[in-house]
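Asker: start33.cif (mmCIF, C-alpha atoms and all ligand atoms) pasted underneath:
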```
data_structure
loop_
_atom_site.label_atom_id
_atom_site.label_comp_id
_atom_site.auth_asym_id
_atom_site.auth_seq_id
_atom_site.Cartn_x
_atom_site.Cartn_y
_atom_site.Cartn_z
CA MET A 1 0.12 12.60 0.69
CA ASN A 2 -0.17 16.39 0.74
CA GLU A 3 2.73 17.37 -1.46
CA PRO A 4 1.95 17.75 -5.18
CA LEU A 5 4.17 15.35 -7.10
CA LEU A 6 3.00 16.26 -10.58
CA THR A 7 1.74 19.65 -11.77
CA LEU A 8 0.27 20.25 -15.24
CA LYS A 9 -0.36 23.86 -16.24
CA GLY A 10 -2.17 25.01 -19.37
CA ILE A 11 -1.43 21.95 -21.50
CA ASP A 12 -2.59 22.28 -25.14
CA PHE A 13 -2.12 19.59 -27.78
CA SER A 14 -3.40 19.08 -31.35
CA TYR A 15 -2.88 16.32 -33.89
CA HIS A 16 -1.96 17.49 -37.39
CA SER A 17 -2.91 15.52 -40.45
CA LEU A 18 -3.32 16.15 -44.18
CA THR A 19 -7.00 16.90 -43.59
CA GLY A 20 -6.29 19.47 -40.91
CA GLU A 21 -5.77 20.01 -37.23
CA ILE A 22 -7.50 17.99 -34.50
CA PRO A 23 -7.33 19.81 -31.17
CA ALA A 24 -7.17 17.13 -28.46
CA LEU A 25 -6.27 18.98 -25.21
CA LYS A 26 -7.09 22.55 -24.21
CA SER A 27 -5.67 24.32 -21.14
CA ILE A 28 -5.36 21.20 -19.01
CA THR A 29 -4.36 22.18 -15.51
CA PHE A 30 -4.27 19.91 -12.45
CA GLN A 31 -2.01 18.50 -9.77
CA VAL A 32 -1.47 14.98 -8.47
CA LYS A 33 -0.29 14.50 -4.91
CA ASN A 34 2.37 12.05 -3.86
CA GLY A 35 0.70 8.67 -3.15
CA GLU A 36 -2.64 9.79 -4.60
CA PHE A 37 -4.85 7.61 -6.82
CA LEU A 38 -6.44 9.86 -9.44
CA ALA A 39 -9.05 8.67 -11.96
CA LEU A 40 -9.75 10.42 -15.27
CA VAL A 41 -13.13 9.96 -16.93
CA GLY A 42 -14.41 11.58 -20.10
CA PRO A 43 -16.29 10.86 -23.32
CA SER A 44 -14.63 8.42 -25.67
CA GLY A 45 -12.19 10.17 -28.02
CA CYS A 46 -11.91 13.28 -25.82
CA GLY A 47 -8.12 13.06 -25.35
CA LYS A 48 -7.54 10.89 -22.25
CA SER A 49 -4.86 8.64 -23.77
CA THR A 50 -3.24 11.67 -25.40
CA LEU A 51 -2.94 13.23 -21.94
CA LEU A 52 -1.28 10.12 -20.45
CA ASN A 53 1.12 10.00 -23.42
CA ILE A 54 2.12 13.58 -22.69
CA ILE A 55 2.68 12.82 -18.99
CA ALA A 56 4.75 9.78 -20.05
CA LYS A 57 6.79 12.09 -22.35
CA LEU A 58 5.78 10.09 -25.43
CA SER A 59 4.39 13.34 -26.92
CA GLU A 60 5.33 16.96 -26.33
CA PRO A 61 2.60 19.50 -25.46
CA GLU A 62 2.24 22.52 -27.77
CA ASN A 63 1.79 24.85 -24.82
CA GLY A 64 1.96 24.50 -21.08
CA THR A 65 4.29 22.90 -18.59
CA ILE A 66 4.59 19.64 -16.65
CA SER A 67 6.65 19.72 -13.50
CA PHE A 68 7.51 17.28 -10.75
CA GLN A 69 8.39 17.93 -7.15
CA ASN A 70 9.65 14.70 -5.65
CA PRO A 71 9.23 13.97 -1.93
CA ASP A 72 12.99 14.40 -1.39
CA GLY A 73 12.79 17.93 -2.86
CA SER A 74 14.47 17.01 -6.16
CA ILE A 75 12.79 17.91 -9.44
CA HIS A 76 13.98 15.02 -11.65
CA TYR A 77 11.44 13.54 -14.06
CA PRO A 78 10.09 10.46 -12.25
CA ARG A 79 10.27 6.89 -13.47
CA ILE A 80 6.97 6.19 -15.21
CA GLY A 81 5.18 2.83 -15.37
CA TYR A 82 2.56 2.53 -18.12
CA MET A 83 -0.13 -0.18 -18.12
CA LEU A 84 -2.44 -0.53 -21.09
CA GLN A 85 -5.72 -2.27 -21.89
CA HIS A 86 -3.89 -5.28 -23.33
CA ASP A 87 -1.26 -6.94 -21.19
CA HIS A 88 1.17 -7.40 -24.13
CA LEU A 89 2.66 -10.55 -22.55
CA PHE A 90 4.73 -12.50 -25.07
CA GLU A 91 3.56 -16.08 -25.50
CA TRP A 92 7.04 -17.39 -26.35
CA ARG A 93 8.39 -16.29 -22.96
CA SER A 94 7.42 -17.73 -19.58
CA VAL A 95 5.58 -15.53 -17.09
CA TYR A 96 8.88 -14.91 -15.28
CA ARG A 97 10.77 -14.04 -18.46
CA ASN A 98 7.98 -11.65 -19.46
CA ILE A 99 8.20 -9.95 -16.09
CA ILE A 100 11.97 -9.44 -16.29
CA LEU A 101 11.88 -8.22 -19.90
CA GLY A 102 12.00 -4.51 -18.96
CA LEU A 103 14.89 -5.14 -16.55
CA GLU A 104 16.71 -7.09 -19.28
CA ILE A 105 16.24 -4.31 -21.85
CA GLN A 106 17.37 -1.66 -19.39
CA LYS A 107 20.33 -3.87 -18.37
CA LYS A 108 19.18 -3.80 -14.75
CA LEU A 109 18.87 -7.54 -14.15
CA THR A 110 20.91 -7.40 -10.94
CA SER A 111 20.57 -9.97 -8.15
CA LYS A 112 18.83 -7.30 -6.02
CA ASN A 113 16.24 -6.67 -8.74
CA LYS A 114 15.76 -10.44 -9.26
CA GLU A 115 15.05 -10.77 -5.54
CA HIS A 116 12.55 -7.90 -5.82
CA VAL A 117 10.78 -9.72 -8.70
CA ASP A 118 10.67 -12.97 -6.69
CA GLN A 119 9.18 -11.09 -3.75
CA LEU A 120 6.53 -9.44 -5.98
CA LEU A 121 5.66 -12.85 -7.47
CA LYS A 122 5.27 -14.31 -3.98
CA ASP A 123 3.35 -11.34 -2.58
CA TYR A 124 0.89 -11.33 -5.45
CA GLY A 125 0.31 -15.06 -5.80
CA LEU A 126 2.12 -15.77 -9.06
CA TYR A 127 5.29 -17.44 -7.81
CA ALA A 128 3.95 -20.96 -8.43
CA PHE A 129 2.99 -19.91 -11.98
CA ARG A 130 6.28 -18.23 -12.93
CA HIS A 131 7.33 -20.98 -15.39
CA LYS A 132 3.92 -21.12 -17.13
CA LYS A 133 3.16 -19.55 -20.50
CA PRO A 134 0.85 -16.49 -20.45
CA SER A 135 -1.91 -18.51 -22.18
CA GLU A 136 -2.01 -20.83 -19.13
CA LEU A 137 -3.05 -17.93 -16.86
CA SER A 138 -6.52 -16.46 -16.30
CA GLY A 139 -7.26 -12.91 -17.49
CA GLY A 140 -6.86 -11.56 -13.97
CA MET A 141 -3.53 -13.35 -13.43
CA ARG A 142 -2.26 -11.97 -16.74
CA GLN A 143 -3.08 -8.40 -15.61
CA ARG A 144 -1.32 -9.11 -12.32
CA ALA A 145 1.73 -10.37 -14.24
CA ALA A 146 1.66 -7.19 -16.35
CA LEU A 147 1.50 -5.11 -13.17
CA ILE A 148 4.44 -6.99 -11.62
CA ARG A 149 6.40 -6.38 -14.86
CA THR A 150 5.65 -2.66 -14.44
CA LEU A 151 6.42 -2.60 -10.69
CA SER A 152 9.71 -4.47 -11.19
CA LEU A 153 11.11 -1.27 -12.73
CA ASP A 154 10.19 0.58 -9.53
CA PRO A 155 8.19 3.39 -11.17
CA GLU A 156 7.36 6.51 -9.16
CA ILE A 157 4.12 7.14 -11.07
CA LEU A 158 1.86 4.51 -12.60
CA LEU A 159 -0.21 5.44 -15.64
CA LEU A 160 -3.10 3.03 -16.23
CA ASP A 161 -4.99 3.39 -19.52
CA GLU A 162 -8.22 1.38 -19.19
CA PRO A 163 -6.27 -1.65 -17.93
CA PHE A 164 -9.36 -3.69 -17.04
CA SER A 165 -11.57 -3.04 -20.06
CA ALA A 166 -10.60 -6.28 -21.84
CA LEU A 167 -11.89 -8.35 -18.88
CA ASP A 168 -15.44 -9.62 -18.44
CA TYR A 169 -17.50 -7.77 -15.84
CA GLN A 170 -17.17 -10.22 -12.94
CA THR A 171 -13.44 -10.75 -13.42
CA ARG A 172 -13.06 -7.01 -13.75
CA LEU A 173 -14.60 -6.36 -10.33
CA THR A 174 -12.16 -8.61 -8.51
CA VAL A 175 -9.12 -7.84 -10.68
CA SER A 176 -9.55 -4.06 -10.40
CA ALA A 177 -9.92 -4.31 -6.61
CA ASP A 178 -6.92 -6.65 -6.46
CA ILE A 179 -4.65 -4.52 -8.67
CA CYS A 180 -5.59 -1.33 -6.86
CA HIS A 181 -4.90 -2.96 -3.51
CA ILE A 182 -1.41 -3.87 -4.78
CA ILE A 183 -0.80 -0.32 -6.02
CA ARG A 184 -1.97 1.20 -2.73
CA GLN A 185 0.21 -1.22 -0.75
CA SER A 186 3.20 -0.16 -2.83
CA GLY A 187 2.45 3.50 -1.98
CA LYS A 188 2.77 4.51 -5.64
CA THR A 189 1.10 7.52 -7.17
CA ALA A 190 -1.32 6.41 -9.90
CA ILE A 191 -3.43 7.94 -12.66
CA LEU A 192 -6.16 5.66 -14.00
CA ILE A 193 -8.23 6.23 -17.13
CA THR A 194 -11.55 4.43 -17.06
CA HIS A 195 -14.91 4.78 -18.74
CA ASP A 196 -16.53 2.93 -15.81
CA LEU A 197 -17.79 5.46 -13.25
CA SER A 198 -18.31 2.78 -10.58
CA GLU A 199 -14.72 1.69 -11.01
CA ALA A 200 -13.47 5.29 -10.72
CA ILE A 201 -15.47 5.89 -7.53
CA SER A 202 -14.49 2.61 -5.91
CA ILE A 203 -10.78 2.95 -6.68
CA ALA A 204 -9.78 6.60 -6.72
CA ASP A 205 -9.16 9.28 -4.10
CA ARG A 206 -10.26 11.89 -6.64
CA VAL A 207 -11.98 11.82 -10.03
CA LEU A 208 -11.44 14.41 -12.78
CA VAL A 209 -14.13 14.67 -15.43
CA LEU A 210 -12.79 15.75 -18.80
CA SER A 211 -14.90 17.62 -21.33
CA ALA A 212 -15.59 16.45 -24.87
CA ARG A 213 -12.67 17.01 -27.28
CA PRO A 214 -10.61 19.12 -26.95
CA ALA A 215 -10.43 17.86 -23.38
CA SER A 216 -10.27 20.31 -20.52
CA VAL A 217 -10.90 19.61 -16.84
CA LYS A 218 -14.62 20.09 -16.36
CA ALA A 219 -15.16 18.90 -12.80
CA GLU A 220 -13.24 17.48 -9.87
CA VAL A 221 -14.80 15.17 -7.28
CA ASN A 222 -13.01 14.08 -4.09
CA ILE A 223 -14.12 10.61 -3.03
CA HIS A 224 -14.62 9.63 0.60
CA LEU A 225 -16.36 6.30 1.13
CA THR A 226 -17.41 4.58 4.34
CA LEU A 227 -16.28 1.02 3.73
CA ALA A 228 -17.85 -1.92 5.56
CA ASP A 229 -15.04 -4.34 4.66
CA ASP A 230 -12.26 -4.69 2.09
CA SER A 231 -14.17 -6.78 -0.44
CA PRO A 232 -14.25 -5.68 -4.10
CA LEU A 233 -17.94 -4.84 -3.69
CA ALA A 234 -17.63 -2.84 -0.45
CA ALA A 235 -17.10 0.52 -2.19
CA ARG A 236 -20.16 -0.02 -4.38
CA LYS A 237 -22.24 -0.67 -1.27
CA ALA A 238 -20.96 2.43 0.58
CA PRO A 239 -23.73 4.91 1.52
CA GLU A 240 -22.02 7.76 -0.39
CA PHE A 241 -21.59 5.75 -3.61
CA GLY A 242 -24.94 6.64 -5.23
CA ALA A 243 -24.52 10.40 -4.80
CA TYR A 244 -21.02 10.33 -6.34
CA PHE A 245 -22.28 8.21 -9.21
CA ASN A 246 -25.15 10.64 -9.96
CA GLN A 247 -22.84 13.65 -9.78
CA LEU A 248 -20.32 12.15 -12.19
CA TRP A 249 -23.03 10.76 -14.45
CA GLU A 250 -24.58 14.21 -14.79
CA GLU A 251 -21.27 15.90 -15.61
CA LEU A 252 -20.47 13.24 -18.17
CA SER A 253 -23.93 13.11 -19.75
CA ASN A 254 -23.73 16.84 -20.52
CA GLU A 255 -20.47 16.23 -22.36
CA LYS A 256 -21.85 13.25 -24.28
CA THR A 257 -24.87 15.31 -25.38
CA LYS A 258 -22.53 18.09 -26.55
CA LYS A 259 -20.49 15.55 -28.51
CA LEU A 260 -23.60 14.05 -30.16
CA ASN A 261 -24.90 17.53 -31.08
CA PHE A 262 -21.51 18.35 -32.57
CA LEU A 263 -21.43 15.11 -34.62
CA HIS A 264 -24.99 15.77 -35.77
CA LYS A 265 -24.00 19.21 -37.09
CA ASN A 266 -20.61 18.00 -38.43
CA PRO A 267 -21.28 14.46 -39.70
CA PHE A 268 -17.93 14.16 -41.54
CA CYS A 269 -15.79 15.25 -38.59
P1 LIG B 301 -9.47 8.88 -25.65
O1 LIG B 301 -8.33 8.15 -25.06
O2 LIG B 301 -10.11 9.88 -24.73
O3 LIG B 301 -10.52 7.97 -26.23
P2 LIG B 301 -7.46 9.84 -27.52
O4 LIG B 301 -6.54 10.61 -26.65
O5 LIG B 301 -7.00 8.50 -27.97
O6 LIG B 301 -8.93 9.76 -26.88
O7 LIG B 301 -7.74 10.68 -28.84
C1 LIG B 301 -8.26 12.02 -28.77
C2 LIG B 301 -8.64 12.46 -30.16
O8 LIG B 301 -7.49 12.62 -30.95
C3 LIG B 301 -9.55 11.45 -30.85
O9 LIG B 301 -10.66 12.14 -31.36
C4 LIG B 301 -8.72 10.85 -31.95
O10 LIG B 301 -9.46 10.74 -33.13
C5 LIG B 301 -7.60 11.87 -32.16
N1 LIG B 301 -6.33 11.17 -32.37
C6 LIG B 301 -5.75 10.29 -31.53
N2 LIG B 301 -4.57 9.86 -32.02
C7 LIG B 301 -4.43 10.50 -33.21
C8 LIG B 301 -3.40 10.49 -34.22
N3 LIG B 301 -2.30 9.76 -34.08
N4 LIG B 301 -3.58 11.27 -35.31
C9 LIG B 301 -4.68 12.04 -35.45
N5 LIG B 301 -5.68 12.11 -34.55
C10 LIG B 301 -5.55 11.35 -33.43
MG MG B 302 -7.96 6.08 -24.91
#
```
Take the structure from the file and write it as structure tokens.
Answerer:
Amino acid sequence: MNEPLLTLKGIDFSYHSLTGEIPALKSITFQVKNGEFLALVGPSGCGKSTLLNIIAKLSEPENGTISFQNPDGSIHYPRIGYMLQHDHLFEWRSVYRNIILGLEIQKKLTSKNKEHVDQLLKDYGLYAFRHKKPSELSGGMRQRAALIRTLSLDPEILLLDEPFSALDYQTRLTVSADICHIIRQSGKTAILITHDLSEAISIADRVLVLSARPASVKAEVNIHLTLADDSPLAARKAPEFGAYFNQLWEELSNEKTKKLNFLHKNPFC
């Protein structure tokens, strides 16, 4: 996991509207290693989703570069999987037909890929539910189905934009542990946006704290936890957990105070 897969250097981005320019990202520079699980935290509205959109090539940065160095030495842009807060499963399609939708659209519904989907459904406990409608699944199963849909396209990097925030707290604990276990098993590189510091600490290898808008990288914390078992709660009970939480909380609180001061001085911004 030592090779950098993704390198961002000096990324700037602003939105332009009739009322003016909204700078969203300022000199963002960081690397993500192959197989690493990186979490991004930052005040709401600071530019986190904008950053993922740029990595996914949905927006172009104004300045800066994004480069990839794949494990085989090639520098092709990797296949990206994007998971959002809402699972966007279509109710008129069965779970299975939702999962194969991306393969259908990309005309990649080969027998090999169908076998891969069947294997993912079996591995992650949804095979018996493949003919159900999304509304017949629990919130956690729906997120798992959305993840299988993403994994079926064999992405090299997974971008996860607050994928658990629509779930209630208890479900969220188990589903986040479950989904992250699946991603780790698959060996994929992942970037997760979350506003939940406990989630970031319990899931990620490294956490980047972004500043208030325009976002820049304010702090970087490598996470090493001593885990008693592999339960969803184990990370939160690790002896190092509290110190990481306090460190991240402090970094983030400074940014939130700055944002509130700014809004106080610029109430119409
Ligand atoms: P986050 O994901 O950190 O909450 P976003 O990346 O969604 O923040 O947005 C960053 C900032 O850019 C926000 O303050 C938001 O108001 C602004 N913004 C986002 N999308 C647009 C847009 N399409 N047009 C103008 N401003 C936008
Ligand atoms: Mg966002």
Asker: Rank A:Arg149, A:His76, A:Arg97, A:Lys107 by their smallest atom-to-atom distance to A:Lys132, using all atoms listed in the file, and report the top residue only.
Answerer: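 Looking only at the distances to A:Lys132, the closest residue turns out to be A:Arg97.
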Asker: Would you give me, as JSON lines, each residue of chain A having an atom within 8 Å of an atom of ligand MG 302 (chain B), along with its shortest atom pair and that distance in Å to one decimal, using only C-alpha atoms and all ligand atoms and sorting by chain and residue number?
Answerer:
```
{"residue": "A:Ser44", "atom": "CA", "partner": "B:MG302", "partner_atom": "MG", "distance": 7.1}
{"residue": "A:Gly45", "atom": "CA", "partner": "B:MG302", "partner_atom": "MG", "distance": 6.7}
{"residue": "A:Gly47", "atom": "CA", "partner": "B:MG302", "partner_atom": "MG", "distance": 7.0}
{"residue": "A:Lys48", "atom": "CA", "partner": "B:MG302", "partner_atom": "MG", "distance": 5.5}
{"residue": "A:Ser49", "atom": "CA", "partner": "B:MG302", "partner_atom": "MG", "distance": 4.2}
{"residue": "A:Thr50", "atom": "CA", "partner": "B:MG302", "partner_atom": "MG", "distance": 7.3}
{"residue": "A:Asp161", "atom": "CA", "partner": "B:MG302", "partner_atom": "MG", "distance": 6.7}
{"residue": "A:Glu162", "atom": "CA", "partner": "B:MG302", "partner_atom": "MG", "distance": 7.4}
{"residue": "A:Ile193", "atom": "CA", "partner": "B:MG302", "partner_atom": "MG", "distance": 7.8}
```
Asker: Select from chain A every residue with an atom at most 10 Å from any atom of ligand LIG 301 (chain B), then for each give the shortest pair of atoms and their distance in Å to one decimal, using all atoms listed in the file, rows by chain and rising number, as CSV.
Answerer:
```
residue,atom,partner,partner_atom,distance
A:Phe13,CA,B:LIG301,O8,9.4
A:Ser14,CA,B:LIG301,O8,7.7
A:Tyr15,CA,B:LIG301,C9,4.9
A:His16,CA,B:LIG301,C9,6.4
A:Ser17,CA,B:LIG301,C9,6.3
A:Leu18,CA,B:LIG301,C9,9.7
A:Thr19,CA,B:LIG301,C9,9.8
A:Gly20,CA,B:LIG301,C9,9.4
A:Glu21,CA,B:LIG301,C9,8.2
A:Ile22,CA,B:LIG301,N5,6.2
A:Pro23,CA,B:LIG301,O8,7.2
A:Ala24,CA,B:LIG301,O8,5.2
A:Leu25,CA,B:LIG301,C1,8.1
A:Leu40,CA,B:LIG301,O2,9.5
A:Val41,CA,B:LIG301,O2,8.4
A:Gly42,CA,B:LIG301,O2,6.5
A:Pro43,CA,B:LIG301,O2,6.4
A:Ser44,CA,B:LIG301,O3,4.2
A:Gly45,CA,B:LIG301,O3,3.3
A:Cys46,CA,B:LIG301,O2,4.0
A:Gly47,CA,B:LIG301,O4,3.2
A:Lys48,CA,B:LIG301,O2,3.7
A:Ser49,CA,B:LIG301,O1,3.7
A:Thr50,CA,B:LIG301,O4,3.7
A:Leu51,CA,B:LIG301,O4,6.5
A:Leu52,CA,B:LIG301,O4,8.1
A:Asn53,CA,B:LIG301,O4,8.3
A:Ile54,CA,B:LIG301,O4,10.0
A:Asp161,CA,B:LIG301,O1,8.0
A:Glu162,CA,B:LIG301,O1,9.0
A:Ile193,CA,B:LIG301,O1,8.2
A:Thr194,CA,B:LIG301,O1,9.4
A:His195,CA,B:LIG301,O2,9.2
A:Leu210,CA,B:LIG301,O2,8.8
A:Ser211,CA,B:LIG301,O2,9.7
A:Ala212,CA,B:LIG301,O2,8.6
A:Arg213,CA,B:LIG301,O9,6.7
A:Pro214,CA,B:LIG301,C2,7.7
A:Ala215,CA,B:LIG301,O2,8.1
A:Cys269,CA,B:LIG301,O9,9.4
```
Asker: Quick one: everything within 8 Å of A:Leu121, counting all atoms listed in the file, minus sequence neighbours fewer than 5 positions away in the same chain. Send it as a list of chain:residue names.
Answerer: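 Final neighbour list, sorted by chain and number: A:Leu126, A:Tyr127, A:Arg130, A:Ile148.
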Asker: Mind giving me the straight-line distance from atom CA of A:Leu192 to atom CA of A:Leu38 in Å, one decimal?
Answerer: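 These two atoms are separated by 6.2 Å.
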Asker: Could you check the closest approach to A:Leu153 for each of A:Ala190, A:Ala204, A:Val217, A:Ile99 and tell me which residue wins, using only C-alpha atoms?
Answerer: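 So, comparing all the options, the nearest one is A:Ile99.
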Asker: Taking (-5.2, 8.1, -8.6) in the coordinates of the supplied file, I want to know which residues reach to within 8 Å of it, counting only C-alpha atoms; could you give the answer as a PDB file with C-alpha atoms, keeping the file's coordinate frame?
Answerer:
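Once written, selection_38.pdb looks like this:
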```
ATOM      1  CA  VAL A  32      -1.470  14.980  -8.470  1.00  0.00           C
ATOM      2  CA  GLU A  36      -2.640   9.790  -4.600  1.00  0.00           C
ATOM      3  CA  PHE A  37      -4.850   7.610  -6.820  1.00  0.00           C
ATOM      4  CA  LEU A  38      -6.440   9.860  -9.440  1.00  0.00           C
ATOM      5  CA  ALA A  39      -9.050   8.670 -11.960  1.00  0.00           C
ATOM      6  CA  THR A 189       1.100   7.520  -7.170  1.00  0.00           C
ATOM      7  CA  ALA A 190      -1.320   6.410  -9.900  1.00  0.00           C
ATOM      8  CA  ILE A 191      -3.430   7.940 -12.660  1.00  0.00           C
ATOM      9  CA  LEU A 192      -6.160   5.660 -14.000  1.00  0.00           C
ATOM     10  CA  ILE A 203     -10.780   2.950  -6.680  1.00  0.00           C
ATOM     11  CA  ALA A 204      -9.780   6.600  -6.720  1.00  0.00           C
ATOM     12  CA  ASP A 205      -9.160   9.280  -4.100  1.00  0.00           C
ATOM     13  CA  ARG A 206     -10.260  11.890  -6.640  1.00  0.00           C
ATOM     14  CA  VAL A 207     -11.980  11.820 -10.030  1.00  0.00           C
TER      15      VAL A 207
END
```
